[in-house]
file run02.pdb (PDB, C-alpha atoms)
ATOM      1  CA  MET A   1      67.927  68.035  71.563
ATOM      2  CA  ILE A   2      66.390  65.596  74.032
ATOM      3  CA  THR A   3      68.805  62.889  75.143
ATOM      4  CA  THR A   4      68.336  60.006  77.558
ATOM      5  CA  HIS A   5      66.841  62.371  80.140
ATOM      6  CA  PHE A   6      63.085  62.687  80.554
ATOM      7  CA  HIS A   7      62.460  65.528  83.037
ATOM      8  CA  ILE A   8      62.216  69.089  81.690
ATOM      9  CA  CYS A   9      61.725  72.377  83.520
ATOM     10  CA  ALA A  10      60.321  75.303  81.526
ATOM     11  CA  PHE A  11      59.946  78.939  82.556
ATOM     12  CA  PHE A  12      57.553  81.368  80.892
ATOM     13  CA  ASP A  13      56.175  84.860  81.404
ATOM     14  CA  SER A  14      52.576  83.869  80.630
ATOM     15  CA  ARG A  15      50.302  81.012  79.620
ATOM     16  CA  ASP A  16      50.102  82.540  76.150
ATOM     17  CA  GLU A  17      53.880  82.308  75.790
ATOM     18  CA  ALA A  18      53.888  78.755  77.144
ATOM     19  CA  GLY A  19      51.207  77.713  74.676
ATOM     20  CA  GLN A  20      53.078  79.163  71.705
ATOM     21  CA  VAL A  21      56.470  77.728  72.630
ATOM     22  CA  LEU A  22      55.208  74.271  73.598
ATOM     23  CA  ALA A  23      52.855  73.795  70.636
ATOM     24  CA  PRO A  24      55.532  71.999  68.524
ATOM     25  CA  PHE A  25      56.201  69.657  71.486
ATOM     26  CA  TYR A  26      52.504  68.717  71.536
ATOM     27  CA  ARG A  27      52.183  68.375  67.757
ATOM     28  CA  GLU A  28      55.265  66.166  67.571
ATOM     29  CA  ALA A  29      53.706  63.809  70.120
ATOM     30  CA  GLN A  30      50.552  63.621  68.024
ATOM     31  CA  ALA A  31      52.541  62.895  64.848
ATOM     32  CA  ARG A  32      54.499  60.129  66.618
ATOM     33  CA  ASN A  33      51.357  58.412  67.942
ATOM     34  CA  GLU A  34      52.112  59.468  71.502
ATOM     35  CA  CYS A  35      49.578  60.569  74.084
ATOM     36  CA  ASN A  36      49.605  64.110  75.475
ATOM     37  CA  LEU A  37      48.650  64.134  79.157
ATOM     38  CA  HIS A  38      48.186  67.718  80.340
ATOM     39  CA  LEU A  39      47.836  68.444  84.046
ATOM     40  CA  VAL A  40      46.151  71.829  84.098
ATOM     41  CA  GLU A  41      45.084  74.118  86.908
ATOM     42  CA  PRO A  42      41.297  73.670  87.326
ATOM     43  CA  ASP A  43      40.409  77.238  86.342
ATOM     44  CA  GLY A  44      42.337  76.940  83.085
ATOM     45  CA  LEU A  45      40.959  73.797  81.406
ATOM     46  CA  ASP A  46      38.710  75.544  78.867
ATOM     47  CA  GLU A  47      41.342  78.195  78.174
ATOM     48  CA  HIS A  48      43.927  75.463  77.579
ATOM     49  CA  ARG A  49      41.675  73.743  75.047
ATOM     50  CA  VAL A  50      41.329  77.033  73.155
ATOM     51  CA  ARG A  51      45.107  77.458  73.021
ATOM     52  CA  LEU A  52      45.633  73.899  71.784
ATOM     53  CA  ALA A  53      43.052  74.408  69.035
ATOM     54  CA  ALA A  54      44.754  77.661  68.013
ATOM     55  CA  ALA A  55      48.015  75.702  67.737
ATOM     56  CA  GLY A  56      46.450  73.404  65.149
ATOM     57  CA  ILE A  57      45.566  70.450  67.363
ATOM     58  CA  ASP A  58      42.254  68.660  66.776
ATOM     59  CA  VAL A  59      41.217  68.858  70.419
ATOM     60  CA  PRO A  60      37.817  67.065  70.205
ATOM     61  CA  GLY A  61      39.210  64.311  67.990
ATOM     62  CA  CYS A  62      42.322  63.735  70.111
ATOM     63  CA  GLU A  63      40.310  63.704  73.328
ATOM     64  CA  HIS A  64      37.785  61.279  71.833
ATOM     65  CA  ARG A  65      40.442  58.730  70.896
ATOM     66  CA  GLY A  66      42.414  59.251  74.121
ATOM     67  CA  GLN A  67      45.450  60.855  72.511
ATOM     68  CA  LEU A  68      44.879  64.042  74.494
ATOM     69  CA  VAL A  69      43.968  63.780  78.163
ATOM     70  CA  LEU A  70      43.332  66.911  80.235
ATOM     71  CA  ARG A  71      43.188  66.508  83.993
ATOM     72  CA  PRO A  72      42.711  69.147  86.706
ATOM     73  CA  TRP A  73      45.844  69.571  88.789
ATOM     74  CA  PRO A  74      46.078  69.365  91.733
ATOM     75  CA  ASP A  75      43.015  67.352  92.768
ATOM     76  CA  GLU A  76      42.588  69.445  95.910
ATOM     77  CA  ALA A  77      43.351  73.150  95.683
ATOM     78  CA  GLY A  78      46.276  74.154  97.837
ATOM     79  CA  ALA A  79      47.330  70.622  98.765
ATOM     80  CA  PHE A  80      50.781  69.220  98.055
ATOM     81  CA  ASP A  81      50.884  65.501  98.732
ATOM     82  CA  VAL A  82      54.365  64.410  97.641
ATOM     83  CA  GLU A  83      53.662  60.674  97.821
ATOM     84  CA  GLY A  84      50.254  60.985  96.173
ATOM     85  CA  LEU A  85      51.584  63.062  93.291
ATOM     86  CA  LEU A  86      54.497  60.690  92.688
ATOM     87  CA  GLU A  87      52.169  57.676  92.711
ATOM     88  CA  ALA A  88      49.851  59.385  90.227
ATOM     89  CA  MET A  89      52.746  60.221  87.903
ATOM     90  CA  ASP A  90      54.087  56.685  88.185
ATOM     91  CA  ARG A  91      50.716  55.196  87.232
ATOM     92  CA  ALA A  92      50.262  57.568  84.314
ATOM     93  CA  THR A  93      53.730  57.128  82.842
ATOM     94  CA  ALA A  94      53.892  53.367  83.440
ATOM     95  CA  GLU A  95      50.768  52.900  81.347
ATOM     96  CA  ARG A  96      52.407  54.704  78.373
ATOM     97  CA  GLY A  97      49.220  56.677  77.818
ATOM     98  CA  ALA A  98      45.612  57.013  78.839
ATOM     99  CA  ALA A  99      44.703  53.706  77.190
ATOM    100  CA  SER A 100      47.471  51.176  77.805
ATOM    101  CA  GLY A 101      48.927  49.835  74.568
ATOM    102  CA  ALA A 102      47.017  52.249  72.301
ATOM    103  CA  PHE A 103      49.918  54.678  71.872
ATOM    104  CA  ASP A 104      53.665  54.492  71.425
ATOM    105  CA  GLY A 105      54.547  56.813  74.277
ATOM    106  CA  LEU A 106      53.423  59.555  76.602
ATOM    107  CA  ARG A 107      54.325  63.209  77.047
ATOM    108  CA  VAL A 108      53.225  64.912  80.229
ATOM    109  CA  MET A 109      52.845  68.664  80.638
ATOM    110  CA  ALA A 110      52.226  69.833  84.203
ATOM    111  CA  GLN A 111      51.334  73.422  85.056
ATOM    112  CA  MET A 112      53.172  74.152  88.312
ATOM    113  CA  GLY A 113      52.070  77.701  89.058
ATOM    114  CA  TRP A 114      49.904  76.541  91.966
ATOM    115  CA  ALA A 115      52.921  74.888  93.608
ATOM    116  CA  VAL A 116      54.815  78.155  94.150
ATOM    117  CA  ARG A 117      51.946  80.088  95.695
ATOM    118  CA  PRO A 118      51.989  81.184  99.351
ATOM    119  CA  GLY A 119      51.196  78.353 101.735
ATOM    120  CA  ILE A 120      52.947  75.626  99.734
ATOM    121  CA  ASP A 121      56.132  74.305 101.346
ATOM    122  CA  ARG A 122      58.893  74.835  98.783
ATOM    123  CA  LEU A 123      60.891  71.942 100.242
ATOM    124  CA  ASP A 124      57.961  69.593  99.552
ATOM    125  CA  LEU A 125      57.910  70.835  95.966
ATOM    126  CA  LEU A 126      61.649  70.313  95.564
ATOM    127  CA  GLU A 127      61.464  66.829  97.081
ATOM    128  CA  TYR A 128      58.743  65.926  94.592
ATOM    129  CA  GLU A 129      60.723  67.275  91.638
ATOM    130  CA  ALA A 130      63.919  65.496  92.717
ATOM    131  CA  ARG A 131      62.164  62.164  93.240
ATOM    132  CA  LEU A 132      60.193  62.451  90.002
ATOM    133  CA  ASN A 133      63.419  61.871  88.060
ATOM    134  CA  ARG A 134      63.511  58.239  89.141
ATOM    135  CA  VAL A 135      59.865  57.714  88.131
ATOM    136  CA  LEU A 136      60.394  59.175  84.670
ATOM    137  CA  ASP A 137      63.736  57.438  84.130
ATOM    138  CA  THR A 138      62.205  54.095  85.097
ATOM    139  CA  ASN A 139      59.157  54.485  82.855
ATOM    140  CA  GLN A 140      61.085  56.356  80.129
ATOM    141  CA  GLN A 141      58.409  58.949  79.439
ATOM    142  CA  LEU A 142      58.854  62.697  78.987
ATOM    143  CA  ALA A 143      57.416  65.242  81.396
ATOM    144  CA  ILE A 144      57.731  69.003  81.226
ATOM    145  CA  CYS A 145      57.065  71.059  84.358
ATOM    146  CA  VAL A 146      55.854  74.548  83.441
ATOM    147  CA  TYR A 147      56.526  77.427  85.834
ATOM    148  CA  ASP A 148      55.535  81.086  85.733
ATOM    149  CA  LEU A 149      58.543  83.367  86.071
ATOM    150  CA  ALA A 150      56.766  86.186  87.901
ATOM    151  CA  PRO A 151      56.567  84.642  91.427
ATOM    152  CA  LEU A 152      60.061  83.103  91.348
ATOM    153  CA  ASP A 153      63.050  84.694  93.037
ATOM    154  CA  GLY A 154      66.561  83.728  91.983
ATOM    155  CA  ALA A 155      67.105  81.180  94.768
ATOM    156  CA  THR A 156      63.834  79.350  94.062
ATOM    157  CA  MET A 157      64.527  79.279  90.337
ATOM    158  CA  MET A 158      67.977  77.862  91.016
ATOM    159  CA  ASP A 159      66.519  75.145  93.257
ATOM    160  CA  LEU A 160      64.050  74.181  90.534
ATOM    161  CA  LEU A 161      66.789  74.065  87.921
ATOM    162  CA  ARG A 162      68.817  71.757  90.136
ATOM    163  CA  THR A 163      66.026  69.154  90.141
ATOM    164  CA  HIS A 164      65.680  68.930  86.333
ATOM    165  CA  PRO A 165      68.289  67.469  83.930
ATOM    166  CA  LEU A 166      66.771  69.407  81.017
ATOM    167  CA  THR A 167      65.557  72.984  80.968
ATOM    168  CA  MET A 168      63.751  75.349  78.643
ATOM    169  CA  ILE A 169      64.399  79.072  79.029
ATOM    170  CA  GLY A 170      63.365  81.558  76.378
ATOM    171  CA  GLY A 171      61.999  78.712  74.268
ATOM    172  CA  VAL A 172      65.361  76.915  74.025
ATOM    173  CA  LEU A 173      65.636  73.309  75.256
ATOM    174  CA  ARG A 174      69.064  72.348  76.552
ATOM    175  CA  GLU A 175      71.015  70.142  78.914
ATOM    176  CA  ASN A 176      70.976  71.742  82.344
ATOM    177  CA  PRO A 177      74.461  72.401  83.767
ATOM    178  CA  PHE A 178      72.981  73.102  87.219
ATOM    179  CA  PHE A 179      71.317  69.676  87.549
ATOM    180  CA  THR A 180      72.114  67.968  90.847
ATOM    181  CA  PRO A 181      71.789  64.154  91.067
ATOM    182  CA  PRO A 182      68.566  63.332  92.944
ATOM    183  CA  ALA A 183      70.248  61.462  95.810
ATOM    184  CA  GLU A 184      72.528  64.425  96.484
ATOM    185  CA  MET A 185      69.654  66.895  96.222
ATOM    186  CA  LEU A 186      67.495  64.880  98.614
ATOM    187  CA  ARG A 187      70.304  64.750 101.181
ATOM    188  CA  GLU A 188      70.592  68.518 100.970
ATOM    189  CA  LEU A 189      66.832  68.980 101.359
ATOM    190  CA  PHE A 190      66.837  66.707 104.422
ATOM    191  CA  ALA A 191      69.602  68.819 105.956
ATOM    192  CA  ARG A 192      67.753  72.028 105.142
ATOM    193  CA  ARG A 193      64.623  70.736 106.864
ATOM    194  CA  ALA A 194      66.649  69.753 109.920
ATOM    195  CA  THR A 195      68.293  73.165 110.223
ATOM    196  CA  GLY A 196      65.277  75.230 109.212
ATOM    197  CA  ARG A 197      67.048  76.666 106.165
ATOM    198  CA  ARG A 198      64.365  77.087 103.519
ATOM    199  CA  ARG A 199      66.340  78.770 100.776
ATOM    200  CA  GLY A 200      69.013  77.205  98.615
ATOM    201  CA  ARG A 201      71.803  78.746  96.598
ATOM    202  CA  SER A 202      71.383  82.109  94.965
ATOM    203  CA  ALA A 203      71.259  82.123  91.192
ATOM    204  CA  PRO A 204      74.659  82.837  89.594
ATOM    205  CA  ALA A 205      75.073  86.024  87.591
ATOM    206  CA  ALA A 206      75.091  84.043  84.333
ATOM    207  CA  LEU A 207      71.614  82.642  84.938
ATOM    208  CA  PRO A 208      68.968  84.613  83.003
ATOM    209  CA  VAL A 209      66.443  85.602  85.656
ATOM    210  CA  PRO A 210      64.313  88.363  84.122
ATOM    211  CA  ALA A 211      62.460  90.956  86.101
ATOM    212  CA  PRO A 212      58.725  90.230  86.514
ATOM    213  CA  GLY A 213      56.876  90.703  83.261
ATOM    214  CA  ARG A 214      59.950  90.436  81.043
ATOM    215  CA  ARG A 215      60.974  87.604  78.769
ATOM    216  CA  ALA A 216      64.268  85.790  79.418
ATOM    217  CA  GLU A 217      66.860  86.630  76.801
TER
END
call {"tool": "encode", "arguments": {"input": "run02.pdb", "output": "structure tokens"}}
result
Amino acid sequence: MITTHFHICAFFDSRDEAGQVLAPFYREAQARNECNLHLVEPDGLDEHRVRLAAAGIDVPGCEHRGQLVLRPWPDEAGAFDVEGLLEAMDRATAERGAASGAFDGLRVMAQMGWAVRPGIDRLDLLEYEARLNRVLDTNQQLAICVYDLAPLDGATMMDLLRTHPLTMIGGVLRENPFFTPPAEMLRELFARRATGRRRGRSAPAALPVPAPGRRAE
């Protein structure tokens, strides 16, 4: 059950699994006159439309009236501009939808697979995720950050969990006991940059971190 928090982290084995599990989240937004803003990796826009249609969403109709907005993400392949991404999310969520005033809320889904590829500074990613909490709390709009399990080691997964107050693992949405308040997390990230320590805590034994290609249980 979603509470007063607005920032969700979700882990999936594949885009097919993500589409199936998140379909009710999208349909609920449509039923509640909320806008779905989906930030999709550029090579997956058409594929994402097909999955939404298979989930029972009227993709052409929703896009025409602005209730479904698909945007390529990121704007420049391989770039991670923390300030630029936060400003973009602030603008989008402050407007409460693609057309200000037309809808009763906004739900953002952001595919984050590109952000854990080689060449992206993980500390930049974690800073963005930690600071995004304030943006979403201020604007009171939901955002779900979708990560592929395959490239994540236990320490990276733990870091990502610590930046999100809500998490979805194995299709179950729950309060996240590993969440670290953003100010505390940002202090830690600053110290890690200063000392050159890139990795955070290892995942505890109780955390379900499946082997690549296997679903969390």
call {"tool": "closest_residue", "arguments": {"input": "run02.pdb", "among": "A:Ala31, A:Ala155, A:Leu45, A:Ala23", "to": "Gln67 (chain A)", "atoms": "only C-alpha atoms"}}
result
A:Ala31
call {"tool": "closest_residue", "arguments": {"input": "run02.pdb", "among": "A:Arg65, A:Arg117, A:Arg193, A:Arg107", "to": "Phe80 (chain A)", "atoms": "all atoms listed in the file"}}
result
A:Arg117
call {"tool": "residues_around", "arguments": {"input": "run02.pdb", "residues": "region 1-15 of chain A", "least_positions_apart": "4", "cutoff": "7 Å", "atoms": "all atoms listed in the file", "output": "MDAnalysis selection string"}}
result
chainID A and resid 19 133 136:137 140:150 161 164:169 173:174 213:215
call {"tool": "closest_residue", "arguments": {"input": "run02.pdb", "among": "A:Gln111, A:Asn176, A:Thr163, A:Thr138", "to": "Ala18 (chain A)", "atoms": "only C-alpha atoms"}}
result
A:Gln111
call {"tool": "residues_near_point", "arguments": {"input": "run02.pdb", "point": "(52.1, 56.6, 80.6)", "cutoff": "12 Å", "atoms": "all atoms listed in the file", "output": "PyMOL selection string"}}
result
chain A and resi 34-38+66-67+69+88-108+135-136+138-143
call {"tool": "atom_distance", "arguments": {"input": "run02.pdb", "atom1": "CA of Cys62 (chain A)", "atom2": "CA of Val50 (chain A)"}}
result
13.7 Å
call {"tool": "axis_aligned_box", "arguments": {"input": "run02.pdb", "around": "region 18-34 of chain A", "padding_each_side": "6 Å", "output": "JSON"}}
result
{"center_x": 53.5, "center_y": 68.8, "center_z": 71.0, "size_x": 17.9, "size_y": 32.8, "size_z": 24.3}
call {"tool": "atom_distance", "arguments": {"input": "run02.pdb", "atom1": "CA of Tyr26 (chain A)", "atom2": "CA of Arg51 (chain A)"}}
result
11.5 Å
call {"tool": "residues_near_point", "arguments": {"input": "run02.pdb", "point": "(63.9, 65.1, 93.7)", "cutoff": "12 Å", "atoms": "only C-alpha atoms", "output": "JSON, numbers by chain"}}
result
{"A": [7, 82, 83, 86, 123, 124, 125, 126, 127, 128, 129, 130, 131, 132, 133, 134, 135, 136, 159, 160, 161, 162, 163, 164, 165, 179, 180, 181, 182, 183, 184, 185, 186, 187, 188, 189, 190]}
call {"tool": "atom_distance", "arguments": {"input": "run02.pdb", "atom1": "CA of Arg71 (chain A)", "atom2": "CA of Val40 (chain A)"}}
result
6.1 Å
call {"tool": "build_atoms", "arguments": {"input": "run02.pdb", "residues": "region 172-199 of chain A", "atoms": "N, CA and C atoms", "output": "PDB file, keeping the file's coordinate frame"}}
result
ATOM      1  N   VAL A 172      64.235  77.757  74.444  1.00  0.00           N
ATOM      2  CA  VAL A 172      65.361  76.915  74.025  1.00  0.00           C
ATOM      3  C   VAL A 172      65.513  75.743  74.991  1.00  0.00           C
ATOM      4  N   LEU A 173      65.466  74.517  74.457  1.00  0.00           N
ATOM      5  CA  LEU A 173      65.636  73.309  75.256  1.00  0.00           C
ATOM      6  C   LEU A 173      67.101  72.917  75.266  1.00  0.00           C
ATOM      7  N   ARG A 174      67.633  72.655  76.467  1.00  0.00           N
ATOM      8  CA  ARG A 174      69.064  72.348  76.552  1.00  0.00           C
ATOM      9  C   ARG A 174      69.353  71.470  77.768  1.00  0.00           C
ATOM     10  N   GLU A 175      70.524  70.842  77.730  1.00  0.00           N
ATOM     11  CA  GLU A 175      71.015  70.142  78.914  1.00  0.00           C
ATOM     12  C   GLU A 175      71.234  71.171  80.020  1.00  0.00           C
ATOM     13  N   ASN A 176      70.917  70.801  81.231  1.00  0.00           N
ATOM     14  CA  ASN A 176      70.976  71.742  82.344  1.00  0.00           C
ATOM     15  C   ASN A 176      72.275  71.574  83.129  1.00  0.00           C
ATOM     16  N   PRO A 177      73.182  72.538  83.056  1.00  0.00           N
ATOM     17  CA  PRO A 177      74.461  72.401  83.767  1.00  0.00           C
ATOM     18  C   PRO A 177      74.327  72.497  85.280  1.00  0.00           C
ATOM     19  N   PHE A 178      73.180  72.955  85.778  1.00  0.00           N
ATOM     20  CA  PHE A 178      72.981  73.102  87.219  1.00  0.00           C
ATOM     21  C   PHE A 178      72.336  71.871  87.859  1.00  0.00           C
ATOM     22  N   PHE A 179      72.002  70.865  87.030  1.00  0.00           N
ATOM     23  CA  PHE A 179      71.317  69.676  87.549  1.00  0.00           C
ATOM     24  C   PHE A 179      72.145  68.991  88.624  1.00  0.00           C
ATOM     25  N   THR A 180      71.486  68.666  89.730  1.00  0.00           N
ATOM     26  CA  THR A 180      72.114  67.968  90.847  1.00  0.00           C
ATOM     27  C   THR A 180      71.523  66.566  90.930  1.00  0.00           C
ATOM     28  N   PRO A 181      72.334  65.509  90.968  1.00  0.00           N
ATOM     29  CA  PRO A 181      71.789  64.154  91.067  1.00  0.00           C
ATOM     30  C   PRO A 181      70.769  64.057  92.196  1.00  0.00           C
ATOM     31  N   PRO A 182      69.646  63.359  91.960  1.00  0.00           N
ATOM     32  CA  PRO A 182      68.566  63.332  92.944  1.00  0.00           C
ATOM     33  C   PRO A 182      68.990  62.918  94.346  1.00  0.00           C
ATOM     34  N   ALA A 183      69.841  61.906  94.476  1.00  0.00           N
ATOM     35  CA  ALA A 183      70.248  61.462  95.810  1.00  0.00           C
ATOM     36  C   ALA A 183      70.960  62.582  96.563  1.00  0.00           C
ATOM     37  N   GLU A 184      71.821  63.306  95.862  1.00  0.00           N
ATOM     38  CA  GLU A 184      72.528  64.425  96.484  1.00  0.00           C
ATOM     39  C   GLU A 184      71.561  65.546  96.855  1.00  0.00           C
ATOM     40  N   MET A 185      70.623  65.833  95.956  1.00  0.00           N
ATOM     41  CA  MET A 185      69.654  66.895  96.222  1.00  0.00           C
ATOM     42  C   MET A 185      68.772  66.542  97.414  1.00  0.00           C
ATOM     43  N   LEU A 186      68.355  65.297  97.507  1.00  0.00           N
ATOM     44  CA  LEU A 186      67.495  64.880  98.614  1.00  0.00           C
ATOM     45  C   LEU A 186      68.228  64.942  99.945  1.00  0.00           C
ATOM     46  N   ARG A 187      69.519  64.611  99.946  1.00  0.00           N
ATOM     47  CA  ARG A 187      70.304  64.750 101.181  1.00  0.00           C
ATOM     48  C   ARG A 187      70.359  66.211 101.614  1.00  0.00           C
ATOM     49  N   GLU A 188      70.549  67.093 100.646  1.00  0.00           N
ATOM     50  CA  GLU A 188      70.592  68.518 100.970  1.00  0.00           C
ATOM     51  C   GLU A 188      69.247  69.000 101.513  1.00  0.00           C
ATOM     52  N   LEU A 189      68.156  68.563 100.892  1.00  0.00           N
ATOM     53  CA  LEU A 189      66.832  68.980 101.359  1.00  0.00           C
ATOM     54  C   LEU A 189      66.557  68.473 102.771  1.00  0.00           C
ATOM     55  N   PHE A 190      66.993  67.249 103.066  1.00  0.00           N
ATOM     56  CA  PHE A 190      66.837  66.707 104.422  1.00  0.00           C
ATOM     57  C   PHE A 190      67.584  67.583 105.424  1.00  0.00           C
ATOM     58  N   ALA A 191      68.808  67.969 105.063  1.00  0.00           N
ATOM     59  CA  ALA A 191      69.602  68.819 105.956  1.00  0.00           C
ATOM     60  C   ALA A 191      68.968  70.192 106.120  1.00  0.00           C
ATOM     61  N   ARG A 192      68.401  70.723 105.053  1.00  0.00           N
ATOM     62  CA  ARG A 192      67.753  72.028 105.142  1.00  0.00           C
ATOM     63  C   ARG A 192      66.514  71.976 106.028  1.00  0.00           C
ATOM     64  N   ARG A 193      65.775  70.887 105.959  1.00  0.00           N
ATOM     65  CA  ARG A 193      64.623  70.736 106.864  1.00  0.00           C
ATOM     66  C   ARG A 193      65.093  70.689 108.315  1.00  0.00           C
ATOM     67  N   ALA A 194      66.162  69.942 108.550  1.00  0.00           N
ATOM     68  CA  ALA A 194      66.649  69.753 109.920  1.00  0.00           C
ATOM     69  C   ALA A 194      67.146  71.057 110.535  1.00  0.00           C
ATOM     70  N   THR A 195      67.722  71.915 109.710  1.00  0.00           N
ATOM     71  CA  THR A 195      68.293  73.165 110.223  1.00  0.00           C
ATOM     72  C   THR A 195      67.347  74.355 110.085  1.00  0.00           C
ATOM     73  N   GLY A 196      66.217  74.138 109.411  1.00  0.00           N
ATOM     74  CA  GLY A 196      65.277  75.230 109.212  1.00  0.00           C
ATOM     75  C   GLY A 196      65.650  76.176 108.097  1.00  0.00           C
ATOM     76  N   ARG A 197      66.635  75.801 107.285  1.00  0.00           N
ATOM     77  CA  ARG A 197      67.048  76.666 106.165  1.00  0.00           C
ATOM     78  C   ARG A 197      66.164  76.370 104.963  1.00  0.00           C
ATOM     79  N   ARG A 198      65.332  77.307 104.588  1.00  0.00           N
ATOM     80  CA  ARG A 198      64.365  77.087 103.519  1.00  0.00           C
ATOM     81  C   ARG A 198      64.933  77.395 102.140  1.00  0.00           C
ATOM     82  N   ARG A 199      65.845  78.324 102.071  1.00  0.00           N
ATOM     83  CA  ARG A 199      66.340  78.770 100.776  1.00  0.00           C
ATOM     84  C   ARG A 199      67.634  78.065 100.402  1.00  0.00           C
TER      85      ARG A 199
END
